[in-house]
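Input: a single structure, listed below in structure tokens.
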Amino acid sequence: MAAGGVEFSEFVQHLFLGLVQGSFWVLLALGLSIIFGLMGIINFGHGAFYMLGAYVGFTVSDLVFSPFLGPNAGFIVALAMVPVVMFALGMVFERYVISRIYNTENERFSGVLIMFGMSIFLPDFVRLIWGRPGKPFNIPPMFQFSLFKTGTLDITAYRSFTIITAAILVALLWVLIYKTNLGMMIRAGTNNNTMVKVLGINVSRIWRLTFGLGIALAGFSGVMIAPLFAVDATMGELILVQTFIVVVVGGMGSFIGPVIGGLILGQLWALTPLVGRTQYVVQNWTGTVIGPDFWEKASDILLFIVMAVILLLRPRGLFGQEGAFD
Amino acid sequence: MPILETKNLSKHFGALIAVDGVDYAVDSGELRSIIGPNGAGKTTFFNMIAGDLIPTSGQVIFDGADVSEVPAHERSHMGIGRTYQITNIFPKLSVLENIRIAAQSRKMTFNLWSTVPSHKELVEKSDGILERINLTEKRDELAGTLAHGEQRYLEIGIALATDPKLLLLDEPTAGMSPEETIQTGEFIKSLADPLTIVLVEHDMEVVLGISDKITVLHNGAFLAEGTVEEVRANAEVQRVYLRE
Amino acid sequence: MDSAAPKNRFTPREFWAWLSEVFDNYGILILAAILVIYPFLFDALNESIIWLEDNDWEETAEIVAEFRGFVPSTPLMIQILIYTLFGIAFNILLGNTGMLSLGHCAFFGVGGYTVGIMHAWIKPGTYAPDWMVSAFKVLPLEISLITCVIVSTFVAWLIGTICSTKRGVYFAMVTLSISMIFYYSAQTFDDLTGGTDGLGGLENMRLGSINLRVGIMDANITYYFVFIVSVVFIAAIWQVLRSPFGHVLRAVRENENRARICGYNVAKVRLMAFTMSGAISGIAGALAIIYGETVPIENIHFITSGQIVIITLFGGAGTFLGPAVGSFIYWYLRQLMSVEFVKYLAIFQYWEAWVGGIFVLIVLFVPSGILGTIRNMTLEYREKKLLNRKAVAEALAKNAEDEAATEAE
Ligand SMILES: Nc1ncnc2c1ncn2[C@@H]1O[C@H](COP(=O)(O)OP(=O)(O)OP(=O)(O)O)[C@@H](O)[C@H]1O
Ligand SMILES: [Mg+2]
């Protein structure tokens with residue numbers, strides 16, 4: 001399997017890293033889909049709330065609980081509390097901000113713009129509260145070991161933990177969407193937004209719950225990813241766009257779309273840097289060999305290219321449903 | 001030669017068969033009606049003729065050309081005009097603009113350098129149509145503020161402004177008062193010839209009064225066709241429709 | 001009869017309405033006149049301070065200097081003009097076609113980088129091929145601007161082809177995502193674009209035909225250059241929006257399905273609007289780098305898209321000059337906050353938080369923007385006037401009738 005200058009263990013390592021990254025994309029994309037499915041609003045603030053989740057997690061863990069309970073328990077408390085805090089925050093935000101635009105002219109545009117405004121507001125707000133430099137966020141001691149290690153292959157405990165957690169959450173979300181009344185409404189909304197309104201159920205409460213849920217998911221992803229990457233005010237930006245790409249590629253309005261999309265793109269993203277080290281030589285139009293440097297940097301851009309191609313060839317994405325965007 | 005012909009035209013929505021293998025032909029200059037109970041597939045049938053929907057199978061032949069897959073805007077240019085069951089106008093543009101925008105589509109889309117009022121023939125044409133639909137007085141009002149009946153007329157005006165050869169009217173009298181309905185029936189009759197008109201209508205008086213020929217759809221399928229008397233006499237039609 | 005006539009004529013609401021009527025009729029002329037002489041006005045202010053100081057009016061000079069802090073400087077006006085052009089171009093889509101693009105930073109940035117890269121790299125001792133270098137001793141700005149028009153038109157067309165079949169909020173998402181490809185490319189290919197530090201080395205940009213240097217050395221010349229280019233393009237947009245095509249755009253905004261059944265190729269119309277909007281945004285982006293003589297990478301970041309949306313919404317997306325008002329208020333406020341207010345309250349240095357917060361407030365509370373709101377008031381006011389006039393006429397007629405009736409008796 002391993003091609004040319006890439007060792008098999010290295011290949012597997014990248015698969016593993018791709019799986020970690022992909023899991024996060026899946027979680028965020030599902031949160032995005034749920035909110036969109038019910039409310040017809042694309043949450044441009046998803047990345048910002050994700051970032052906020054990481055900061056809240058930092059405060060809860062490092063400042064509040066770790067001093068008393070030690071870093072392990074501190075982190076666990078943060079993992080448990082951040083979704084709760086973010087859920088409450090999401091509900092409050094829905095109640096006092098977003099609900100104002102319901103039944104106004106262009107309500108969807110307004111919703112999108114408000115969330116977009118939040119994506120500009122929150123990073124700077126976080127700088128104001130927590131300061132300009134990012135925050136160190138260590139892997140809690142109990143996860144600081146490897147499950148498996150040979151040569152370049154290193155299956156670390158924390159990364160495995162994130163994959164498993166994400167898998168559990170995806171399963172729970174599946175149950176929520178396919179086995180509960182709320183889920184039925186989310187799915188109905190995906191196909192036909194007015195139908196949910198016509199049903200006359202206490203829609204506003206359901207929307208509030210859904211929005212809170214989406215935000216809680218975003219915040220939880222944020223705090224879970226925090227030990228792996230730098231926590232700073234701009235951490236939500238790139239991942240927001242990547243989540244959009246996952247949604248576009250997978251197809252919004254389906255459950256399986258973002259899941260498969262996220263996993264495939266995760267692999268693509270992780271494996272691209274290896275291309276430069278294979279035996280295959282890629283040249284540009286002047287005949288110069290495109291070196292490893294380029295491929296290291298190409299991952300992010302490749303995702304965009306995949307998205308553009310998908311948009312042209314399959315405008316609804318791999319698993320998108322008819323009518324979800326019309 | 002018929003101006004419009006459908007051959008074995010069908011539309012499925014998932015498991016639901018909305019239109020089921022309909023063969024239909026209209027000659028130039030006729031005023032035809034289609035009737036059928038709610039959900040019979042009349043609107044879906046129109047949607048396939050005008051290009052809002054692409055048929056699942058079968059063909060739509062207009063003016064001798066197979067247009068089954070031709071996009072809606074091109075069909076408009078070939079001469080198919082329509083109105084909708086639910087009023088479909090530009091509610092936030094003025095009445096005049098509503099008509100003018102439709103008339104303009106025959107002349108130009110990508111004209112960037114002139115102004116609209118400078119096109120005299122456009123102005124005259126819109127004025128003429130406003131006259132015909134009796135809205136000259138309200139030309140500067142926003143279309144959305146008109147009374148319901150007036151909006152229905154405006155929509156017919158929009159369709160007329162695109163110089164159609166075939167006009168599809170989907171329940172033009174829906175929501176009108178009895179007097180308005182009678183008036184509208186006469187108005188439609190006055191439009192026919194040289195225009196070909198296909199009318200979907202629930203109001204029997206209008207249908208019976210002005211149609212050359214009536215077609216009955218039921219559950220998406222063709223049920224009967226003929227002159228007023230013939231359809232009236234048809235036992236099956238009586239069973240599913242007139243006596244309902 | 002008198003009771004029908006308006007009584008308290010000048011409620012504040014009506015005062016604004018009246019003002020806007022005046023503005024409607026003469027506003028553009030007044031505005032244009034001010035803009036034409038603006039650099040001189042500002043220079044005069046500066047000179048008056050010097051003159052006061054020279055003549056031992058120290059205290060007055062200080063007061064005037066304090067006051068100057070609240071007057072937009074010429075460089076700020078350059079910025080305002082550029083974002084006015086950008087906003088009006090953006091509004092071809094938002095206000096007129098009903099398309100919300102969150103990817104306009106791509107055009108703005110690409111326009112800037114096109115000009116920037118040409119000036120930074122077409123000179124001796126760089127990658128540029130020799131014939132190119134020897135063809136221009138100094139690359140004239142005309143050439144790079146024309147290239148910029150071509151490049152940004154092409155980029156807009158390309159992105160439009162990918163996005164313009166999308167609708168509503170999905171369109172917003174796709175445009176944002178696609179625009180970020182340019183941001184990450186600019187970051188990745190930093191040997192060409194300067195990466196996160198921005199692209200410098202753009203001194204000595206010259207208009208070859210009249211051998212005039214524009215840039216940071218001379219704000220006034222740059223101002224007039226930007227002014228002329230902006231006015232030309234704004235006038236062009238104005239014409240397009242009143243042309244038959246402009247009417248088609250609004251028809252598509254109001255009811256896409258109806259427009260299609262009327263015979264318009266809606267996808268093509270949207271693509272055309274998108275391309276025009278993007279191309280002109282590219283030009284605005286090119287202008288934006290001239291005064292600063294650098295291309296900051298922020299120009300291609302989605303916060304720039306946010307800025308232009310906020311400017312357009314704030315001014316009024318439904319109006320033509322809305323973006324001008326929005327641009328002025330946005331940049332003026334921003335300048336005030338980051339230079340004046342911040343002296344008293346450190347919180348004003350978090351500019352983006354303010355932008356985001358104000359953004360949300362505008363969407364919630366002034367959805368039709370400043371000019372839009374004023375225009376609505378004007379319409380209301382005119383209608384009221386009309387009604388009043390009608391009422392008066394009717395009362396008069398009735399009086400006459402009554403009199404006639406009594407006489408007859
Ligand atoms: N876009 C659609 N998706 C799914 N089902 C549809 C769609 N449009 C119509 N239908 C279904 O197809 C059937 C035929 O509908 P259609 O509107 O053509 O009937 P109709 O004869 O016009 O009825 P009415 O007299 O009420 O206007 C109905 O059962 C309707 O529910
Ligand atoms: Mg119908």
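The chains in the structure tokens are called A, B, ... from first to last as shown; in each chain the residues are counted from 1, and the ligands are counted from 1 in the order shown.
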- request: Dump the neighbourhood of ligand 2 as JSON, numbers by chain: all residues within 7 Å, distances computed on only C-alpha atoms and all ligand atoms.
  value: {"B": [39, 41, 42, 43, 85, 170]}
field: Interface list for chain A, partner chain C, 6 Å threshold, only C-alpha atoms, as a list in words
entry: Ile114, Gly117, Met118, Ile120, Phe121, Asp124, Phe125, Val241 and Leu312 of chain A
For the residues selected in the previous step, produce a file with N, CA, C and O atoms as an mmCIF file, in the first residue's frame.
```cif
data_model
loop_
_atom_site.group_PDB
_atom_site.id
_atom_site.type_symbol
_atom_site.label_atom_id
_atom_site.label_comp_id
_atom_site.auth_asym_id
_atom_site.auth_seq_id
_atom_site.Cartn_x
_atom_site.Cartn_y
_atom_site.Cartn_z
ATOM 1 N N ILE A 114 -27.098 38.109 11.066
ATOM 2 C CA ILE A 114 -26.842 38.199 12.500
ATOM 3 C C ILE A 114 -25.736 37.231 12.898
ATOM 4 O O ILE A 114 -24.790 37.588 13.611
ATOM 5 N N GLY A 117 -22.530 38.505 11.720
ATOM 6 C CA GLY A 117 -22.088 39.559 12.622
ATOM 7 C C GLY A 117 -21.437 38.972 13.869
ATOM 8 O O GLY A 117 -20.409 39.456 14.337
ATOM 9 N N MET A 118 -22.014 37.894 14.372
ATOM 10 C CA MET A 118 -21.432 37.260 15.559
ATOM 11 C C MET A 118 -20.049 36.705 15.250
ATOM 12 O O MET A 118 -19.154 36.715 16.099
ATOM 13 N N ILE A 120 -17.929 37.972 13.462
ATOM 14 C CA ILE A 120 -16.961 39.071 13.524
ATOM 15 C C ILE A 120 -16.819 39.566 14.965
ATOM 16 O O ILE A 120 -15.742 39.911 15.419
ATOM 17 N N PHE A 121 -17.949 39.571 15.661
ATOM 18 C CA PHE A 121 -17.979 40.126 17.009
ATOM 19 C C PHE A 121 -17.217 39.244 18.019
ATOM 20 O O PHE A 121 -16.366 39.726 18.767
ATOM 21 N N ASP A 124 -13.170 39.169 18.584
ATOM 22 C CA ASP A 124 -12.614 40.352 19.214
ATOM 23 C C ASP A 124 -13.092 40.477 20.661
ATOM 24 O O ASP A 124 -12.359 40.931 21.535
ATOM 25 N N PHE A 125 -14.321 40.042 20.866
ATOM 26 C CA PHE A 125 -14.861 40.062 22.217
ATOM 27 C C PHE A 125 -14.040 39.142 23.125
ATOM 28 O O PHE A 125 -13.718 39.491 24.267
ATOM 29 N N VAL A 241 -15.064 27.505 7.630
ATOM 30 C CA VAL A 241 -15.082 27.359 6.176
ATOM 31 C C VAL A 241 -14.948 25.889 5.791
ATOM 32 O O VAL A 241 -15.626 25.399 4.887
ATOM 33 N N LEU A 312 -19.938 22.115 -9.216
ATOM 34 C CA LEU A 312 -20.208 22.139 -10.645
ATOM 35 C C LEU A 312 -20.853 20.843 -11.112
ATOM 36 O O LEU A 312 -21.767 20.854 -11.923
#
```
field: Selection: 10 Å around Ser48 of chain C, only C-alpha atoms, excl. self and same-chain fewer than 6 positions, as a PyMOL selection string
entry: chain C and resi 42+54+61+64-65
Okay, now the selection with N, CA and C atoms, as an mmCIF file, in the first residue's frame?
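Okay, this is what ended up in selection-v3.cif:
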```
data_model
loop_
_atom_site.group_PDB
_atom_site.id
_atom_site.type_symbol
_atom_site.label_atom_id
_atom_site.label_comp_id
_atom_site.auth_asym_id
_atom_site.auth_seq_id
_atom_site.Cartn_x
_atom_site.Cartn_y
_atom_site.Cartn_z
ATOM 1 N N PHE C 42 -9.739 70.620 3.420
ATOM 2 C CA PHE C 42 -8.949 70.042 4.504
ATOM 3 C C PHE C 42 -7.599 70.728 4.626
ATOM 4 N N ASP C 54 1.359 80.822 13.854
ATOM 5 C CA ASP C 54 2.333 81.838 13.465
ATOM 6 C C ASP C 54 1.954 83.198 14.013
ATOM 7 N N ALA C 61 -5.526 78.078 17.995
ATOM 8 C CA ALA C 61 -4.937 77.032 17.167
ATOM 9 C C ALA C 61 -5.169 75.669 17.790
ATOM 10 N N VAL C 64 -8.769 74.638 17.254
ATOM 11 C CA VAL C 64 -8.998 74.212 15.869
ATOM 12 C C VAL C 64 -8.346 72.858 15.632
ATOM 13 N N ALA C 65 -7.167 72.658 16.219
ATOM 14 C CA ALA C 65 -6.480 71.373 16.037
ATOM 15 C C ALA C 65 -7.296 70.250 16.652
#
```
- prompt: Which residues of chain C are close to chain B, meaning at most 8 Å apart when you count only C-alpha atoms, and how do they look as an MDAnalysis selection string?
  reply: chainID C and resid 239:240 242:248 251 254:255 258:265 269
Write a file of the selected residues as a compact mmCIF listing (two decimals), in the first residue's frame, keeping N, CA and C atoms.
```
# COMPACT_ATOMS: atom_id res chain seq x y z
N GLN C 239 -26.26 54.00 -14.51
CA GLN C 239 -26.90 53.80 -15.81
C GLN C 239 -27.40 52.36 -15.94
N VAL C 240 -26.58 51.41 -15.55
CA VAL C 240 -26.99 50.01 -15.69
C VAL C 240 -28.25 49.74 -14.89
N ARG C 242 -30.65 51.75 -14.18
CA ARG C 242 -31.87 52.32 -14.73
C ARG C 242 -32.15 51.80 -16.13
N SER C 243 -31.25 51.01 -16.66
CA SER C 243 -31.45 50.45 -18.00
C SER C 243 -32.47 49.32 -17.93
N PRO C 244 -32.91 48.86 -19.09
CA PRO C 244 -33.82 47.70 -19.09
C PRO C 244 -33.24 46.53 -18.29
N PHE C 245 -31.95 46.34 -18.37
CA PHE C 245 -31.35 45.23 -17.61
C PHE C 245 -31.55 45.42 -16.11
N GLY C 246 -31.42 46.67 -15.66
CA GLY C 246 -31.64 46.95 -14.25
C GLY C 246 -33.04 46.55 -13.82
N HIS C 247 -34.00 46.79 -14.71
CA HIS C 247 -35.37 46.40 -14.39
C HIS C 247 -35.50 44.88 -14.29
N VAL C 248 -34.78 44.21 -15.17
CA VAL C 248 -34.81 42.74 -15.11
C VAL C 248 -34.24 42.27 -13.77
N ALA C 251 -36.82 42.56 -11.23
CA ALA C 251 -37.85 41.54 -11.43
C ALA C 251 -37.38 40.20 -10.86
N GLU C 254 -37.66 40.31 -7.14
CA GLU C 254 -39.02 40.26 -6.61
C GLU C 254 -39.64 38.89 -6.75
N ASN C 255 -39.43 38.25 -7.89
CA ASN C 255 -40.13 36.99 -8.13
C ASN C 255 -39.41 36.25 -9.26
N ARG C 258 -41.56 34.13 -11.65
CA ARG C 258 -42.32 34.93 -12.60
C ARG C 258 -41.41 35.44 -13.71
N ALA C 259 -40.23 35.90 -13.29
CA ALA C 259 -39.30 36.41 -14.28
C ALA C 259 -38.95 35.32 -15.29
N ARG C 260 -38.79 34.11 -14.82
CA ARG C 260 -38.44 33.02 -15.72
C ARG C 260 -39.58 32.74 -16.70
N ILE C 261 -40.80 32.71 -16.15
CA ILE C 261 -41.94 32.42 -17.02
C ILE C 261 -42.18 33.57 -18.00
N CYS C 262 -41.74 34.77 -17.62
CA CYS C 262 -41.82 35.88 -18.56
C CYS C 262 -40.78 35.75 -19.68
N GLY C 263 -39.90 34.78 -19.56
CA GLY C 263 -38.95 34.56 -20.65
C GLY C 263 -37.52 34.99 -20.36
N TYR C 264 -37.23 35.30 -19.11
CA TYR C 264 -35.85 35.68 -18.81
C TYR C 264 -35.04 34.48 -18.36
N ASN C 265 -33.84 34.40 -18.87
CA ASN C 265 -32.93 33.34 -18.45
C ASN C 265 -32.31 33.77 -17.13
N VAL C 269 -28.96 35.99 -16.11
CA VAL C 269 -29.09 37.34 -15.56
C VAL C 269 -28.31 37.45 -14.25
```
- prompt: Which polymer residues have any atom within 8 Å of an atom of Ala166 of chain A, counting only C-alpha atoms, with same-chain residues fewer than 5 positions away left out, as a VMD selection string?
  reply: chain A and resid 23 to 24 27
message: When DSSP is applied to the backbone of this structure, which of segment 14-243 of chain A are assigned strand (DSSP E)? Write them out as a list in words.
response: Ser146, Leu147, Phe148, Lys149, Thr150, Leu153, Asp154, Ile155 and Thr156 of chain A
query: Any idea what's packed within 9 Å of segment 106-109 of chain C, counting only C-alpha atoms, ignoring anything in its chain fewer than 2 positions away? Could you give it as number ranges by chain?
result: C: 86, 103-104, 111-114, 152-153, 155-156, 176, 178-183, 278-286, 288, 295-302, 304-305
message: Taking only C-alpha atoms and all ligand atoms and a cut-off of 10 Å, can you tell me which residues surround ligand 1, written as a PyMOL selection string?
response: (chain A and resi 323) or (chain B and resi 11-19+34-47+53+84-86+170-171+174+200-202+217-220)
Next, the residues of the selection above should be written as a compact mmCIF listing (two decimals), in the first residue's frame with N, CA, C and O atoms.
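Written output follows (again_38.txt):
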```txt
# COMPACT_ATOMS: atom_id res chain seq x y z
N GLY A 323 -34.51 20.09 -3.29
CA GLY A 323 -35.36 21.07 -2.64
C GLY A 323 -34.84 21.61 -1.32
O GLY A 323 -35.40 22.54 -0.78
N LYS B 11 -46.19 12.49 -14.86
CA LYS B 11 -45.31 13.05 -13.84
C LYS B 11 -45.51 12.29 -12.54
O LYS B 11 -46.63 12.12 -12.06
N HIS B 12 -44.42 11.81 -12.00
CA HIS B 12 -44.47 11.12 -10.72
C HIS B 12 -43.78 11.96 -9.67
O HIS B 12 -42.73 12.54 -9.93
N PHE B 13 -44.39 12.04 -8.48
CA PHE B 13 -43.69 12.61 -7.32
C PHE B 13 -43.44 11.47 -6.36
O PHE B 13 -44.33 11.10 -5.60
N GLY B 14 -42.27 10.89 -6.41
CA GLY B 14 -42.05 9.69 -5.61
C GLY B 14 -43.03 8.63 -6.03
O GLY B 14 -43.12 8.29 -7.22
N ALA B 15 -43.81 8.14 -5.07
CA ALA B 15 -44.76 7.07 -5.39
C ALA B 15 -46.05 7.64 -6.00
O ALA B 15 -46.81 6.94 -6.66
N LEU B 16 -46.28 8.94 -5.78
CA LEU B 16 -47.53 9.54 -6.25
C LEU B 16 -47.47 9.80 -7.76
O LEU B 16 -46.52 10.39 -8.27
N ILE B 17 -48.48 9.35 -8.46
CA ILE B 17 -48.55 9.63 -9.88
C ILE B 17 -49.52 10.78 -10.08
O ILE B 17 -50.74 10.61 -9.97
N ALA B 18 -48.98 11.97 -10.33
CA ALA B 18 -49.83 13.15 -10.40
C ALA B 18 -50.48 13.27 -11.77
O ALA B 18 -51.63 13.67 -11.89
N VAL B 19 -49.73 12.96 -12.81
CA VAL B 19 -50.27 12.97 -14.17
C VAL B 19 -49.88 11.63 -14.79
O VAL B 19 -48.74 11.21 -14.71
N ILE B 34 -60.00 22.42 -19.11
CA ILE B 34 -59.70 21.16 -18.44
C ILE B 34 -60.38 21.23 -17.09
O ILE B 34 -60.22 22.21 -16.36
N ILE B 35 -61.14 20.22 -16.78
CA ILE B 35 -61.74 20.18 -15.45
C ILE B 35 -61.35 18.88 -14.77
O ILE B 35 -60.77 17.99 -15.38
N GLY B 36 -61.65 18.80 -13.51
CA GLY B 36 -61.30 17.61 -12.74
C GLY B 36 -61.32 17.96 -11.28
O GLY B 36 -61.09 19.12 -10.91
N PRO B 37 -61.60 16.99 -10.44
CA PRO B 37 -61.65 17.26 -9.01
C PRO B 37 -60.30 17.72 -8.46
O PRO B 37 -59.28 17.62 -9.14
N ASN B 38 -60.28 18.18 -7.24
CA ASN B 38 -59.02 18.62 -6.61
C ASN B 38 -58.00 17.49 -6.63
O ASN B 38 -58.34 16.35 -6.40
N GLY B 39 -56.78 17.87 -6.95
CA GLY B 39 -55.73 16.86 -6.96
C GLY B 39 -55.74 16.00 -8.21
O GLY B 39 -55.03 15.00 -8.28
N ALA B 40 -56.51 16.41 -9.22
CA ALA B 40 -56.59 15.59 -10.43
C ALA B 40 -55.30 15.67 -11.24
O ALA B 40 -55.06 14.83 -12.11
N GLY B 41 -54.49 16.68 -10.98
CA GLY B 41 -53.24 16.81 -11.71
C GLY B 41 -53.27 17.89 -12.78
O GLY B 41 -52.39 17.98 -13.62
N LYS B 42 -54.25 18.77 -12.71
CA LYS B 42 -54.38 19.80 -13.73
C LYS B 42 -53.21 20.78 -13.68
O LYS B 42 -52.60 21.09 -14.70
N THR B 43 -52.90 21.23 -12.47
CA THR B 43 -51.80 22.19 -12.34
C THR B 43 -50.48 21.55 -12.73
O THR B 43 -49.65 22.17 -13.41
N THR B 44 -50.30 20.31 -12.33
CA THR B 44 -49.07 19.61 -12.69
C THR B 44 -48.95 19.49 -14.21
O THR B 44 -47.87 19.66 -14.78
N PHE B 45 -50.07 19.23 -14.85
CA PHE B 45 -50.10 19.13 -16.31
C PHE B 45 -49.65 20.46 -16.93
O PHE B 45 -48.78 20.50 -17.81
N PHE B 46 -50.19 21.57 -16.43
CA PHE B 46 -49.77 22.89 -16.90
C PHE B 46 -48.29 23.12 -16.66
O PHE B 46 -47.57 23.65 -17.50
N ASN B 47 -47.85 22.71 -15.47
CA ASN B 47 -46.44 22.94 -15.13
C ASN B 47 -45.51 22.27 -16.13
O ASN B 47 -44.45 22.78 -16.45
N LEU B 53 -42.02 22.18 -14.62
CA LEU B 53 -41.61 20.83 -14.24
C LEU B 53 -41.19 20.08 -15.50
O LEU B 53 -41.73 20.31 -16.58
N TYR B 84 -50.95 31.51 -12.89
CA TYR B 84 -50.91 30.48 -11.85
C TYR B 84 -52.19 30.47 -11.04
O TYR B 84 -52.92 31.47 -10.97
N GLN B 85 -52.39 29.33 -10.42
CA GLN B 85 -53.56 29.18 -9.55
C GLN B 85 -53.48 30.14 -8.37
O GLN B 85 -54.44 30.77 -7.99
N ILE B 86 -52.27 30.22 -7.80
CA ILE B 86 -52.02 31.20 -6.74
C ILE B 86 -51.35 32.39 -7.40
O ILE B 86 -50.31 32.25 -8.03
N ASP B 170 -54.69 29.08 -15.18
CA ASP B 170 -54.97 28.12 -14.11
C ASP B 170 -55.94 28.74 -13.12
O ASP B 170 -55.55 29.58 -12.30
N GLU B 171 -57.19 28.38 -13.22
CA GLU B 171 -58.25 28.88 -12.35
C GLU B 171 -58.23 30.40 -12.21
O GLU B 171 -58.06 30.93 -11.11
N ALA B 174 -60.44 31.99 -9.48
CA ALA B 174 -60.34 31.55 -8.09
C ALA B 174 -60.42 32.74 -7.15
O ALA B 174 -59.70 33.73 -7.32
N VAL B 200 -58.03 26.04 -17.00
CA VAL B 200 -58.40 25.12 -15.92
C VAL B 200 -59.36 25.88 -15.03
O VAL B 200 -59.09 27.03 -14.67
N GLU B 201 -60.50 25.31 -14.74
CA GLU B 201 -61.49 26.08 -14.03
C GLU B 201 -62.38 25.19 -13.19
O GLU B 201 -62.71 24.08 -13.58
N HIS B 202 -62.71 25.67 -12.02
CA HIS B 202 -63.65 24.93 -11.20
C HIS B 202 -65.07 25.45 -11.40
O HIS B 202 -66.04 24.75 -11.18
N LEU B 217 -59.97 15.44 -16.41
CA LEU B 217 -58.90 14.63 -15.83
C LEU B 217 -59.40 14.06 -14.51
O LEU B 217 -60.16 14.71 -13.79
N HIS B 218 -58.95 12.86 -14.23
CA HIS B 218 -59.31 12.29 -12.94
C HIS B 218 -58.15 11.43 -12.46
O HIS B 218 -57.67 10.58 -13.20
N ASN B 219 -57.71 11.69 -11.24
CA ASN B 219 -56.54 10.98 -10.70
C ASN B 219 -55.36 10.98 -11.66
O ASN B 219 -54.67 9.98 -11.81
N GLY B 220 -55.17 12.10 -12.30
CA GLY B 220 -54.02 12.22 -13.18
C GLY B 220 -54.23 11.66 -14.56
O GLY B 220 -53.41 11.87 -15.45
```
- request: Using DSSP on the backbone coordinates, identify the residues of segment 97-178 of chain B assigned to helix (DSSP H, G or I); present them as an MDAnalysis selection string.
  value: chainID B and resid 97:104 116:118 120:132 136:138 143:145 148:161 178
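Within the 8 Å cut-off around Ala317 of chain C, using only C-alpha atoms and omitting residues fewer than 2 positions from it on the same chain, the listed residues are Asn91, Leu94, Gly95, Thr312, Leu313, Phe314, Gly315, Thr319, Phe320, Gly322, Pro323, Ser368, Gly369 and Gly372 of chain C.
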Store the residues picked out above, limited to C-alpha atoms, as a PDB file, in the first residue's frame.
```
ATOM      1  CA  ASN C  91     -25.419  46.498  -3.985  1.00  0.00           C
ATOM      2  CA  LEU C  94     -27.860  42.666  -2.573  1.00  0.00           C
ATOM      3  CA  GLY C  95     -30.261  45.514  -3.149  1.00  0.00           C
ATOM      4  CA  THR C 312     -24.467  48.617   2.429  1.00  0.00           C
ATOM      5  CA  LEU C 313     -27.062  47.622   4.988  1.00  0.00           C
ATOM      6  CA  PHE C 314     -26.364  50.554   7.216  1.00  0.00           C
ATOM      7  CA  GLY C 315     -26.734  53.047   4.400  1.00  0.00           C
ATOM      8  CA  THR C 319     -31.238  52.815  -2.212  1.00  0.00           C
ATOM      9  CA  PHE C 320     -28.598  53.775  -4.716  1.00  0.00           C
ATOM     10  CA  GLY C 322     -27.033  54.082   0.611  1.00  0.00           C
ATOM     11  CA  PRO C 323     -23.544  52.601   0.481  1.00  0.00           C
ATOM     12  CA  SER C 368     -33.823  49.178   5.715  1.00  0.00           C
ATOM     13  CA  GLY C 369     -30.797  51.300   6.584  1.00  0.00           C
ATOM     14  CA  GLY C 372     -34.036  53.520   3.325  1.00  0.00           C
TER      15      GLY C 372
END
```
field: atom CA of Val247 of chain A to atom CA of Ala270 of chain A, distance in Å rounded to a single decimal
entry: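 Distance reported for this atom pair: 18.3 Å.
Note that the spacing between atom CA of Ile308 of chain C and atom CA of Leu128 of chain A amounts to 24.0 Å.
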query: Excluding same-chain residues fewer than 2 positions from Val92 of chain A, what lies within 12 Å of it counting only C-alpha atoms, as a PyMOL selection string?
result: chain A and resi 85-90+94-99+205+207-209+211-212+215
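Restricting the calculation to only C-alpha atoms, the smallest distance between Ser299 of chain A and any of A:Ala78, A:Leu176, A:Ser9, A:Gly18 is found for A:Gly18.
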- request: May I ask which of the residues B:Arg232, B:Pro2, B:Glu137, B:Ser33 is the closest one to Val207 of chain B, counting only C-alpha atoms?
  value: B:Ser33
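The residue that comes closest to Ser66 of chain A, out of A:Thr165, A:Gly257, A:Leu271, A:Asn138 and on the basis of only C-alpha atoms, is A:Asn138.
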